[in-house]
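Peer 1: Compact mmCIF, C-alpha atoms, file query_39.txt:
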# COMPACT_ATOMS: atom_id res chain seq x y z
CA MET A 1240 -96.87 -61.17 44.49
CA GLU A 1241 -98.11 -60.44 40.98
CA ASN A 1242 -101.22 -58.82 42.46
CA ASN A 1243 -99.13 -56.67 44.75
CA SER A 1244 -98.73 -53.04 43.82
CA TYR A 1245 -94.98 -53.31 44.54
CA TYR A 1246 -94.43 -56.16 42.09
CA ASN A 1247 -92.74 -53.94 39.51
CA LEU A 1248 -90.18 -52.84 42.10
CA PHE A 1249 -89.50 -56.50 42.90
CA GLU A 1250 -89.28 -57.65 39.29
CA LYS A 1251 -87.16 -54.76 38.00
CA SER A 1252 -84.72 -54.57 40.91
CA PRO A 1253 -81.06 -54.74 39.69
CA LEU A 1254 -80.26 -56.97 42.64
CA PRO A 1255 -81.39 -60.60 42.95
CA MET A 1256 -84.59 -60.95 45.03
CA TRP A 1257 -86.85 -63.85 45.89
CA VAL A 1258 -89.68 -64.91 48.19
CA PHE A 1259 -89.59 -68.25 50.04
CA ASP A 1260 -91.96 -70.18 52.30
CA VAL A 1261 -90.78 -69.93 55.91
CA SER A 1262 -92.06 -73.39 56.79
CA THR A 1263 -90.85 -75.35 53.75
CA LEU A 1264 -88.00 -73.02 52.57
CA CYS A 1265 -89.32 -73.45 49.03
CA PHE A 1266 -89.02 -70.58 46.57
CA LEU A 1267 -92.37 -68.92 45.91
CA ASP A 1268 -91.16 -66.29 43.45
CA VAL A 1269 -87.86 -64.88 42.03
CA ASN A 1270 -87.10 -61.75 40.03
CA THR A 1271 -85.27 -61.45 36.72
CA ALA A 1272 -82.01 -60.32 38.33
CA ALA A 1273 -81.91 -63.57 40.38
CA VAL A 1274 -82.46 -65.66 37.24
CA VAL A 1275 -79.69 -63.81 35.37
CA HIS A 1276 -77.20 -63.76 38.25
CA TYR A 1277 -77.58 -67.34 39.46
CA GLY A 1278 -78.23 -68.98 36.08
CA PHE A 1279 -81.29 -70.96 37.11
CA SER A 1280 -84.52 -70.48 35.21
CA LYS A 1281 -87.59 -69.29 37.09
CA ASP A 1282 -89.13 -72.79 36.91
CA GLU A 1283 -85.91 -74.29 38.27
CA PHE A 1284 -85.94 -71.83 41.15
CA LEU A 1285 -89.54 -72.68 42.00
CA ALA A 1286 -88.61 -76.38 42.23
CA MET A 1287 -85.80 -75.62 44.75
CA THR A 1288 -85.45 -74.56 48.38
CA VAL A 1289 -83.24 -71.77 49.63
CA THR A 1290 -80.84 -74.35 51.11
CA ASP A 1291 -80.19 -75.63 47.59
CA LEU A 1292 -78.28 -72.38 46.91
CA LEU A 1293 -75.97 -72.89 49.87
CA ALA A 1294 -72.50 -74.38 49.66
CA PRO A 1295 -73.05 -77.97 50.94
CA GLU A 1296 -70.47 -77.69 53.71
CA ASP A 1297 -72.17 -74.54 55.03
CA VAL A 1298 -75.67 -75.99 55.42
CA PRO A 1299 -75.22 -77.17 59.04
CA PHE A 1300 -73.93 -73.78 60.13
CA VAL A 1301 -76.15 -71.44 58.14
CA LYS A 1302 -78.46 -70.35 60.97
CA ASN A 1303 -78.12 -66.62 61.67
CA LYS A 1304 -75.00 -66.50 59.50
CA ASN A 1305 -74.30 -63.55 57.24
CA PRO A 1306 -72.63 -63.31 54.78
CA LEU A 1307 -73.32 -66.67 53.14
CA ARG A 1308 -71.75 -68.69 50.37
CA HIS A 1309 -74.05 -69.51 47.43
CA VAL A 1310 -73.44 -71.79 44.47
CA LYS A 1311 -74.56 -70.74 40.99
CA LYS A 1312 -75.93 -73.20 38.45
CA ASN A 1313 -72.47 -73.34 36.77
CA GLY A 1314 -70.89 -74.35 40.09
CA GLN A 1315 -69.29 -70.98 40.77
CA LEU A 1316 -69.04 -70.20 44.50
CA ILE A 1317 -70.00 -66.66 45.46
CA HIS A 1318 -70.18 -64.69 48.70
CA VAL A 1319 -73.45 -62.88 49.42
CA GLU A 1320 -74.93 -60.64 52.07
CA ILE A 1321 -78.62 -61.26 52.71
CA GLU A 1322 -81.29 -58.78 53.75
CA SER A 1323 -84.77 -60.18 54.43
CA ASN A 1324 -88.14 -59.19 55.81
CA GLN A 1325 -91.10 -61.31 56.86
CA MET A 1326 -94.25 -60.92 54.79
CA GLU A 1327 -97.43 -62.75 53.76
CA PHE A 1328 -97.46 -64.13 50.24
CA LYS A 1329 -100.76 -65.53 48.94
CA GLY A 1330 -101.84 -66.42 52.46
CA THR A 1331 -98.52 -68.07 53.29
CA LEU A 1332 -96.00 -66.83 55.86
CA ALA A 1333 -92.95 -65.97 53.77
CA ARG A 1334 -89.76 -63.88 53.67
CA LEU A 1335 -88.69 -61.40 51.03
CA VAL A 1336 -84.91 -61.68 50.42
CA LEU A 1337 -82.45 -59.26 48.78
CA SER A 1338 -79.05 -60.75 47.82
CA HIS A 1339 -75.86 -58.66 47.52
CA ASP A 1340 -72.96 -60.41 45.72
CA ILE A 1341 -69.85 -59.37 47.68
CA THR A 1342 -67.43 -61.88 46.11
CA GLU A 1343 -65.14 -59.19 44.67
CA ARG A 1344 -65.16 -57.26 47.93
CA ILE A 1345 -64.26 -60.40 49.91
CA ALA A 1346 -61.47 -61.20 47.44
CA HIS A 1347 -60.14 -57.66 47.71
CA GLN A 1348 -60.25 -57.76 51.50
CA LYS A 1349 -58.47 -61.09 51.48
CA GLU A 1350 -55.82 -59.69 49.18
CA VAL A 1351 -55.37 -56.68 51.43
CA LEU A 1352 -55.06 -58.90 54.52
CA GLU A 1353 -52.57 -61.15 52.76
CA ASN A 1354 -50.54 -58.14 51.67
CA VAL A 1355 -50.58 -56.74 55.19
CA GLU A 1356 -49.53 -60.10 56.58
CA ARG A 1357 -46.84 -60.43 53.92
CA TYR A 1358 -45.64 -56.90 54.70
CA ASP A 1359 -45.47 -57.72 58.42
CA ILE A 1360 -43.53 -60.92 57.76
CA VAL A 1361 -41.10 -59.25 55.38
CA SER A 1362 -40.64 -56.34 57.77
CA LYS A 1363 -39.67 -58.74 60.55
CA ALA A 1364 -37.58 -61.08 58.42
CA THR A 1365 -35.60 -58.64 56.29
CA SER A 1366 -32.41 -56.93 57.38
CA ASP A 1367 -33.47 -53.87 55.37
CA VAL A 1368 -35.16 -50.82 56.85
CA VAL A 1369 -38.78 -51.03 55.63
CA TRP A 1370 -40.80 -47.81 55.72
CA ASP A 1371 -44.40 -46.79 54.95
CA TYR A 1372 -45.07 -43.13 54.18
CA ASP A 1373 -48.67 -41.89 54.43
CA LEU A 1374 -48.83 -38.72 52.31
CA THR A 1375 -52.08 -37.63 53.96
CA THR A 1376 -50.75 -37.56 57.52
CA LYS A 1377 -47.05 -37.06 56.56
CA VAL A 1378 -46.26 -39.90 58.99
CA VAL A 1379 -43.62 -42.55 58.23
CA SER A 1380 -43.88 -45.96 59.89
CA TRP A 1381 -40.67 -47.97 60.22
CA ASN A 1382 -39.89 -51.63 60.92
CA GLN A 1383 -37.25 -52.78 63.42
CA GLY A 1384 -34.51 -51.83 60.98
CA ILE A 1385 -34.73 -48.27 62.24
CA ASN A 1386 -33.04 -49.56 65.37
CA GLY A 1387 -30.93 -52.41 63.96
CA VAL A 1388 -29.53 -50.57 60.94
CA LEU A 1389 -30.09 -46.87 61.57
CA LYS A 1390 -29.45 -47.12 65.34
CA TYR A 1391 -32.45 -45.05 66.46
CA GLN A 1392 -34.74 -45.88 69.38
CA ILE A 1393 -38.09 -44.25 68.53
CA MET A 1394 -41.40 -44.83 70.30
CA ASP A 1395 -43.90 -46.67 68.08
CA ASN A 1396 -41.30 -46.61 65.29
CA THR A 1397 -43.03 -43.63 63.64
CA THR A 1398 -41.67 -40.25 62.57
CA ASP A 1399 -42.76 -37.42 60.34
CA ILE A 1400 -41.26 -37.13 56.86
CA ASP A 1401 -39.07 -34.18 57.88
CA TRP A 1402 -37.22 -36.46 60.33
CA TRP A 1403 -35.96 -38.45 57.34
CA ARG A 1404 -35.33 -35.38 55.17
CA ASP A 1405 -33.16 -33.72 57.85
CA ARG A 1406 -30.88 -36.77 58.15
CA VAL A 1407 -29.94 -37.10 54.51
CA HIS A 1408 -26.32 -35.97 54.13
CA PRO A 1409 -26.15 -32.20 53.33
CA GLU A 1410 -24.14 -32.88 50.16
CA ASP A 1411 -26.77 -35.35 48.91
CA ARG A 1412 -29.91 -33.68 50.28
CA GLN A 1413 -30.87 -31.37 47.43
CA ARG A 1414 -30.50 -34.08 44.78
CA VAL A 1415 -32.28 -36.79 46.79
CA LEU A 1416 -35.23 -34.69 47.96
CA ALA A 1417 -35.74 -33.17 44.52
CA GLY A 1418 -35.99 -36.63 42.98
CA PHE A 1419 -38.21 -37.91 45.80
CA ASP A 1420 -40.69 -35.03 45.53
CA LYS A 1421 -40.72 -35.13 41.72
CA SER A 1422 -41.64 -38.82 41.67
CA LEU A 1423 -44.68 -38.09 43.88
CA ILE A 1424 -45.79 -35.04 41.90
CA ASP A 1425 -45.36 -36.67 38.48
CA GLY A 1426 -47.47 -39.70 39.43
CA GLY A 1427 -44.65 -42.15 38.96
CA LYS A 1428 -44.88 -45.71 40.26
CA SER A 1429 -41.48 -45.88 41.92
CA TRP A 1430 -38.48 -43.91 43.20
CA GLU A 1431 -34.89 -44.98 43.80
CA ASP A 1432 -31.66 -43.28 44.92
CA LYS A 1433 -28.35 -43.75 46.74
CA TYR A 1434 -27.28 -41.37 49.48
CA ARG A 1435 -25.60 -41.02 52.85
CA PHE A 1436 -27.81 -41.06 55.95
CA PHE A 1437 -26.97 -39.84 59.45
CA CYS A 1438 -27.48 -42.67 61.96
CA GLY A 1439 -28.18 -42.70 65.67
CA ASP A 1440 -24.58 -43.71 66.52
CA GLY A 1441 -23.23 -40.53 64.90
CA SER A 1442 -22.03 -42.20 61.70
CA TYR A 1443 -23.10 -41.76 58.10
CA ARG A 1444 -24.07 -44.94 56.24
CA TYR A 1445 -24.46 -45.34 52.49
CA ILE A 1446 -28.09 -46.23 51.70
CA GLN A 1447 -29.74 -47.75 48.65
CA ASP A 1448 -33.37 -46.59 48.94
CA ARG A 1449 -36.29 -47.85 46.84
CA GLY A 1450 -39.91 -46.75 47.16
CA TYR A 1451 -43.11 -47.94 45.44
CA ILE A 1452 -45.90 -45.39 45.09
CA GLY A 1453 -49.62 -46.04 45.60
CA LEU A 1454 -51.91 -43.94 43.37
CA ASP A 1455 -55.62 -43.27 43.83
CA GLU A 1456 -58.22 -43.45 41.05
CA ASN A 1457 -57.18 -39.94 39.94
CA GLY A 1458 -53.51 -40.90 39.62
CA VAL A 1459 -52.56 -38.93 42.73
CA ALA A 1460 -50.00 -40.43 45.10
CA TYR A 1461 -51.39 -41.21 48.55
CA ARG A 1462 -48.84 -43.69 49.90
CA MET A 1463 -45.27 -44.87 49.37
CA ILE A 1464 -43.77 -48.07 50.74
CA GLY A 1465 -40.05 -48.68 50.47
CA ALA A 1466 -36.91 -50.25 51.86
CA MET A 1467 -33.52 -48.82 52.78
CA GLN A 1468 -30.55 -51.13 52.30
CA ASP A 1469 -27.20 -50.46 53.98
CA ILE A 1470 -24.61 -50.58 51.15
CA THR A 1471 -21.75 -48.97 53.08
CA ARG A 1472 -19.46 -51.98 52.73
CA GLN A 1473 -20.25 -52.29 49.05
CA MET A 1474 -19.51 -48.60 48.45
CA GLU A 1475 -16.23 -48.86 50.38
CA GLU A 1476 -15.23 -51.93 48.36
CA GLU A 1477 -16.10 -50.10 45.14
CA HIS A 1478 -13.98 -47.15 46.29
CA TRP A 1479 -10.99 -49.38 46.98
CA SER A 1480 -11.53 -51.26 43.73
CA LYS A 1481 -11.47 -47.99 41.79
CA LEU A 1482 -8.40 -46.87 43.74
CA LEU A 1483 -6.57 -50.13 43.00
CA GLU A 1484 -7.67 -49.97 39.39
CA SER A 1485 -6.24 -46.46 39.17
CA VAL A 1486 -2.94 -47.71 40.64
CA ILE A 1487 -2.77 -50.57 38.13
CA ILE A 1488 -3.62 -48.32 35.19
CA ASN A 1489 -1.25 -45.49 36.14
CA THR A 1490 1.75 -47.39 37.54
CA THR A 1491 4.94 -47.37 35.46
CA ASP A 1492 5.41 -51.07 36.22
CA GLY A 1493 3.91 -53.58 33.82
CA VAL A 1494 0.86 -55.46 35.16
CA LEU A 1495 -0.23 -58.78 33.69
CA ILE A 1496 -3.12 -61.00 34.85
CA THR A 1497 -3.59 -64.58 33.69
CA ASP A 1498 -6.24 -67.18 34.39
CA ALA A 1499 -5.39 -70.19 36.54
CA ASN A 1500 -5.69 -72.90 33.89
CA CYS A 1501 -2.89 -75.26 34.93
CA ASP A 1502 -3.68 -77.97 32.34
CA ALA A 1503 -3.59 -75.95 29.14
CA GLY A 1504 -1.31 -73.33 30.65
CA PRO A 1505 -2.33 -69.86 31.84
CA SER A 1506 -3.46 -67.33 29.25
CA ILE A 1507 -3.33 -63.56 29.56
CA VAL A 1508 -6.62 -61.84 30.43
CA TYR A 1509 -5.37 -58.33 31.23
CA VAL A 1510 -2.36 -56.08 30.56
CA ASN A 1511 -1.92 -52.43 31.48
CA ASP A 1512 -0.55 -49.70 29.22
CA ALA A 1513 2.89 -49.80 30.88
CA LEU A 1514 3.40 -53.45 29.87
CA ILE A 1515 2.27 -52.70 26.30
CA GLU A 1516 4.84 -49.91 26.07
CA MET A 1517 7.51 -52.08 27.71
CA SER A 1518 7.00 -55.08 25.43
CA GLY A 1519 6.05 -53.44 22.15
CA TYR A 1520 3.08 -55.78 21.70
CA SER A 1521 -0.48 -54.47 21.27
CA ARG A 1522 -3.21 -55.34 23.75
CA ALA A 1523 -4.96 -57.44 21.10
CA GLU A 1524 -1.76 -59.45 20.54
CA LEU A 1525 -1.33 -60.15 24.27
CA ILE A 1526 -4.90 -60.93 25.42
CA GLY A 1527 -5.41 -64.67 25.08
CA ALA A 1528 -1.70 -65.37 24.53
CA ARG A 1529 0.53 -67.24 26.99
CA PRO A 1530 3.22 -65.38 29.00
CA ASP A 1531 5.86 -67.33 27.00
CA ILE A 1532 5.40 -64.67 24.35
CA PHE A 1533 7.86 -62.47 26.29
CA HIS A 1534 10.65 -65.08 26.45
CA GLY A 1535 11.50 -65.22 22.76
CA ALA A 1536 13.56 -68.34 22.06
CA ASP A 1537 15.12 -68.27 25.53
CA HIS A 1538 12.97 -70.87 27.33
CA ASP A 1539 15.77 -72.42 29.41
CA GLN A 1540 16.07 -69.65 31.99
CA GLN A 1541 16.25 -70.86 35.60
CA GLY A 1542 13.60 -68.35 36.65
CA LEU A 1543 11.00 -70.03 34.43
CA GLU A 1544 11.31 -73.28 36.36
CA LYS A 1545 10.91 -71.30 39.58
CA ILE A 1546 7.65 -69.84 38.21
CA HIS A 1547 6.42 -73.30 37.22
CA GLN A 1548 7.08 -74.66 40.71
CA ALA A 1549 5.42 -71.66 42.40
CA ILE A 1550 2.25 -72.09 40.32
CA LYS A 1551 2.26 -75.80 41.03
CA LYS A 1552 2.53 -75.14 44.78
CA LYS A 1553 0.10 -72.18 44.54
CA GLU A 1554 2.68 -69.87 46.13
CA PRO A 1555 3.89 -66.36 45.24
CA CYS A 1556 7.41 -65.92 43.92
CA ASN A 1557 9.97 -63.24 43.02
CA ILE A 1558 12.35 -63.73 40.10
CA GLU A 1559 14.43 -61.93 37.49
CA LEU A 1560 14.15 -62.88 33.80
CA SER A 1561 15.38 -61.79 30.40
CA ASN A 1562 12.48 -60.75 28.18
CA TYR A 1563 12.26 -59.75 24.54
CA THR A 1564 10.20 -57.05 22.88
CA LYS A 1565 8.13 -57.70 19.78
CA GLU A 1566 11.14 -56.45 17.73
CA GLY A 1567 13.45 -58.88 19.56
CA ARG A 1568 15.24 -56.34 21.78
CA LEU A 1569 16.47 -57.88 25.04
CA TYR A 1570 15.42 -56.28 28.30
CA ASP A 1571 15.64 -57.51 31.90
CA VAL A 1572 12.67 -57.60 34.27
CA SER A 1573 12.07 -58.21 37.95
CA ILE A 1574 8.80 -60.15 38.30
CA ASN A 1575 6.58 -60.53 41.36
CA ILE A 1576 3.89 -63.20 40.86
CA SER A 1577 0.98 -63.74 43.29
CA PRO A 1578 -2.17 -65.90 43.23
CA VAL A 1579 -5.68 -64.38 43.40
CA SER A 1580 -8.38 -66.41 45.19
CA ASN A 1581 -12.16 -66.23 45.24
CA SER A 1582 -14.42 -66.30 48.33
CA LEU A 1583 -14.05 -70.09 48.50
CA GLY A 1584 -10.27 -69.91 48.61
CA GLU A 1585 -9.95 -71.25 45.07
CA ILE A 1586 -7.20 -69.68 42.94
CA THR A 1587 -8.82 -68.12 39.88
CA HIS A 1588 -6.04 -65.87 38.53
CA TRP A 1589 -2.37 -64.96 38.82
CA ILE A 1590 -1.19 -61.36 38.86
CA SER A 1591 2.31 -60.44 37.74
CA ILE A 1592 4.03 -57.11 38.43
CA ARG A 1593 6.95 -56.54 36.04
CA ARG A 1594 9.65 -53.87 36.44
CA ASP A 1595 12.21 -53.15 33.72
CA ILE A 1596 15.63 -53.49 35.43
CA THR A 1597 17.77 -53.31 32.29
CA GLU A 1598 19.43 -50.04 33.34
CA THR A 1599 19.81 -51.25 36.92
CA ARG A 1600 21.55 -54.42 35.78
CA ALA A 1601 23.82 -52.42 33.45
CA TYR A 1602 24.71 -50.08 36.32
CA VAL A 1603 25.47 -52.99 38.65
CA LYS A 1604 27.60 -54.62 35.96
CA ALA A 1605 29.54 -51.36 35.47
CA ILE A 1606 30.14 -51.13 39.21
CA GLU A 1607 31.33 -54.73 39.27
CA GLU A 1608 33.76 -53.97 36.47
CA GLN A 1609 34.97 -50.92 38.35
CA ASN A 1610 35.43 -53.01 41.49
CA LYS A 1611 37.49 -55.50 39.50
CA LYS A 1612 39.73 -52.72 38.20
CA MET A 1613 40.17 -51.30 41.69
CA ARG A 1614 41.09 -54.72 43.02
CA ASN A 1615 43.68 -55.02 40.24
CA ILE A 1616 45.09 -51.62 41.21
CA ALA A 1617 45.27 -52.71 44.82
CA TRP A 1618 47.16 -55.84 43.79
CA LEU A 1619 49.58 -53.77 41.69
CA GLN A 1620 50.11 -51.37 44.59
CA SER A 1621 50.81 -54.14 47.06
CA HIS A 1622 52.99 -56.29 44.79
CA LYS A 1623 54.50 -54.16 42.04
CA VAL A 1624 55.02 -50.71 43.61
CA ARG A 1625 56.07 -51.72 47.11
CA VAL A 1626 58.90 -53.99 45.87
CA PRO A 1627 61.13 -51.16 44.46
CA LEU A 1628 60.12 -48.95 47.37
CA THR A 1629 61.37 -51.60 49.75
CA ARG A 1630 64.67 -51.66 47.86
CA ILE A 1631 65.01 -47.88 48.16
CA MET A 1632 64.40 -48.04 51.89
CA SER A 1633 67.05 -50.77 52.25
CA LEU A 1634 69.61 -48.75 50.28
CA VAL A 1635 68.95 -45.70 52.41
CA GLU A 1636 69.58 -47.78 55.52
CA LEU A 1637 72.89 -49.09 54.08
CA LEU A 1638 74.09 -45.62 53.16
CA ALA A 1639 73.19 -44.32 56.61
CA ASN A 1640 75.38 -47.03 58.18
CA SER A 1641 78.41 -46.17 55.92
CA ASP A 1642 79.42 -43.13 57.99
CA PRO A 1643 78.38 -40.37 55.52
CA ASN A 1644 79.20 -36.73 56.10
CA LYS A 1645 76.80 -34.47 57.90
CA GLU A 1646 75.12 -33.05 54.80
CA THR A 1647 74.64 -36.49 53.28
CA GLN A 1648 73.22 -37.73 56.59
CA VAL A 1649 70.56 -35.02 56.50
CA LEU A 1650 69.63 -35.96 52.91
CA LEU A 1651 69.44 -39.61 53.81
CA GLU A 1652 67.10 -38.83 56.71
CA TYR A 1653 64.81 -36.87 54.38
CA LEU A 1654 64.91 -39.68 51.84
CA SER A 1655 64.09 -42.28 54.53
CA LYS A 1656 61.23 -40.24 55.90
CA SER A 1657 59.77 -39.74 52.40
CA ALA A 1658 60.05 -43.46 51.66
CA VAL A 1659 58.17 -44.32 54.87
CA GLU A 1660 55.43 -41.81 54.06
CA LEU A 1661 55.12 -43.20 50.54
CA ASP A 1662 54.89 -46.72 51.97
CA GLU A 1663 52.06 -45.64 54.29
CA ILE A 1664 50.22 -44.04 51.36
CA ILE A 1665 50.54 -47.22 49.29
CA ILE A 1666 49.23 -49.32 52.23
CA ASP A 1667 46.28 -46.92 52.67
CA ILE A 1668 45.45 -47.07 48.92
CA THR A 1669 45.68 -50.85 48.97
CA ASN A 1670 43.31 -51.09 51.96
CA HIS A 1671 40.71 -48.81 50.33
CA THR A 1672 40.78 -50.36 46.86
CA GLY A 1673 40.74 -53.86 48.29
CA ASN A 1674 37.47 -53.12 50.21
CA TYR A 1675 35.74 -51.21 47.40
CA ASN A 1676 32.00 -51.94 47.00
CA ALA A 1677 29.17 -50.53 44.92
CA ASP A 1678 26.90 -48.48 47.20
Mind turning the file's structure into structure tokens?

Peer 2:
Amino acid sequence: MENNSYYNLFEKSPLPMWVFDVSTLCFLDVNTAAVVHYGFSKDEFLAMTVTDLLAPEDVPFVKNKNPLRHVKKNGQLIHVEIESNQMEFKGTLARLVLSHDITERIAHQKEVLENVERYDIVSKATSDVVWDYDLTTKVVSWNQGINGVLKYQIMDNTTDIDWWRDRVHPEDRQRVLAGFDKSLIDGGKSWEDKYRFFCGDGSYRYIQDRGYIGLDENGVAYRMIGAMQDITRQMEEEHWSKLLESVIINTTDGVLITDANCDAGPSIVYVNDALIEMSGYSRAELIGARPDIFHGADHDQQGLEKIHQAIKKKEPCNIELSNYTKEGRLYDVSINISPVSNSLGEITHWISIRRDITETRAYVKAIEEQNKKMRNIAWLQSHKVRVPLTRIMSLVELLANSDPNKETQVLLEYLSKSAVELDEIIIDITNHTGNYNAD
């Protein structure tokens, strides 16, 4: 080989090259690149055969196999592609070999295959709508979620990008598409947004959409892979939560929430502004305190025992109590207490709705006093007034039977008639006052 005019090309090649004896498989010559790449010295190579480079488990199957697996001196396993040509070397039938190390390429291919396989598995297993947007062809490939979630039956599960764009809700479209396009133009790595999407069954669903952008060596986007998650139920629950929160915050009734610690006694974890105004305490004074703070020194009320029993039985209850403000002013409240459970059915909190009924109680008490007075009037009418009236009617009857003159008879008739009318009026008053109720 050294006498060959092409020796310099062999020796200075950047790729490993060698010559081996076809009959014995012994190395006859190796170039510098082979020595550097494999780690064996030239003398070590010349004491070896080409099979000594092979991975031991591959030796029985090496015939006509390409690529091969070689082992370096340090034990590192590499993948190589071999190109060889038959030649004569110093009177011996030999082969000239060129070795291409394709280890990185094989690893990359394996990674790509694993990613594709992983993508296929995830696409089939997930309940999300997985999509793959090729920016070169403008084609979007979808997994089965396009049918299961979005309710569309599409051949080959592929669409163009405009199909997706046109189905974003008109009120969300400008914002969503502007953000989507900007992420691709700016060379970002990801994009995310929430929007409403028109589905095949005619409904709009709330979608959480996330996309991951593939960039080429120039930082230009060429592909985006993402997943659409149906968050309609979550958005509806958030809407109702905000609505209920608004009711609690803005209601004129006091709202109090305690934890469900039955051993140490419940402590307050939330109060609304109405309860702060009602009680005179600040929010800082109430959070962490026990509800007993509202009872002052009056802890013997029957309603408190009813609350204790309801909490013990984990049941709601409705009671009326006397409460006291921070300054000690008495006020009456109607309280509705209900348990709050988690997804496992375990009671975690108690919520109490408190309405100030001080004026209502005062009004009812005034009506009761008025009823009492009216009943007294009815008793006086029926017992005190009717007694002398009865006497008058008896006297009129006696005078009428004493043979009075004609003029006196007429007067007695008038007097009798008036007495009867007065008696009927008294009876009517007695009936009405006796049945008087507060409406």

Peer 1: Between CA of Tyr1509 in chain A and CA of Ala1601 in chain A, what is the distance in Å, rounded to a tenth?

Peer 2: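 It comes out at 29.9 Å.
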
Peer 1: Counting all atoms listed in the file, which residues sit no farther than 12 Å from the position (-89.3, -69.4, 54.7) in the file's frame? I'd like them as a list in words.

Peer 2: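 Nearby residues: Trp1257, Val1258, Phe1259, Asp1260, Val1261, Ser1262, Thr1263, Leu1264, Cys1265, Phe1266, Leu1267, Asp1268, Thr1288, Val1289, Thr1290, Ser1323, Asn1324, Gln1325, Met1326, Glu1327, Phe1328, Thr1331, Leu1332, Ala1333, Arg1334, Leu1335 and Val1336 of chain A.
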
Peer 1: Just checking: using all atoms listed in the file, which residue out of A:Ile1586, A:Leu1316, A:Val1274, A:Val1659 ends up closest to Ala1294 in chain A?

Peer 2: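 Going through A:Ile1586, A:Leu1316, A:Val1274, A:Val1659 one by one, the smallest distance to Ala1294 in chain A is for A:Leu1316.
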
Peer 1: At what distance in Å, to one decimal, does CA of Thr1397 in chain A lie from CA of Gly1427 in chain A?

Peer 2: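 The value is 24.8 Å.
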
Peer 1: Residues near Trp1381 in chain A, anyone? I mean within 8 Å using only C-alpha atoms, not counting same-chain ones fewer than 6 positions away, as a list in words.

Peer 2: Val1368, Val1369, Trp1370, Asp1371, Asn1396 and Thr1397 of chain A

Peer 1: Residues near range 1550-1566 of chain A, anyone? I mean within 10 Å using only C-alpha atoms, not counting same-chain ones fewer than 4 positions away, as a VMD selection string.

Peer 2: chain A and resid 1499 1501 1505 1515 to 1521 1531 to 1538 1540 to 1546 1570 to 1579 1586 1589 to 1597

Peer 1: Considering all atoms listed in the file, can you say which of A:Leu1634, A:Leu1337, A:Ala1466, A:Ile1400 comes closest to Ile1385 in chain A?

Peer 2: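 Ranking A:Leu1634, A:Leu1337, A:Ala1466, A:Ile1400 by distance to Ile1385 in chain A, first place goes to A:Ala1466.
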
Peer 1: List the neighbours of range 1444-1458 of chain A out to 8 Å using all atoms listed in the file; skip same-chain residues closer than 5 positions along the sequence, and give me the result as a list in words.

Peer 2: Leu1423, Gly1426, Gly1427, Lys1428, Ser1429, Trp1430, Glu1431, Asp1432, Lys1433, Tyr1434, Arg1435, Phe1436, Phe1437, Cys1438, Met1463, Ile1464, Gly1465, Ala1466, Met1467, Gln1468, Asp1469, Ile1470, Thr1471 and Met1474 of chain A

Peer 1: Using all atoms listed in the file for the distances, tell me which of A:His1318, A:Asn1305, A:Ser1580, A:Ile1488 is nearest to Ala1346 in chain A.

Peer 2: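 Using all atoms listed in the file, the shortest distance to Ala1346 in chain A belongs to A:His1318.
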
Peer 1: Rank nothing, just name the residue among A:Thr1342, A:Asn1670, A:Ser1485, A:Ser1655 nearest to Glu1320 in chain A, using all atoms listed in the file.

Peer 2: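 Closest candidate: A:Thr1342.
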
Peer 1: At a cut-off of 12 Å, using all atoms listed in the file, what residues contact Thr1490 in chain A? Leave out same-chain residues fewer than 3 positions from it and give the result as a ChimeraX atom specification.

Peer 2: /A:1482-1487,1493-1494,1510-1514,1592-1594

Peer 1: Closest to Lys1377 in chain A among A:Leu1525, A:Arg1614, A:Ser1422, A:Tyr1461, using all atoms listed in the file?

Peer 2: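 Among the listed residues, A:Tyr1461 lies closest to Lys1377 in chain A.
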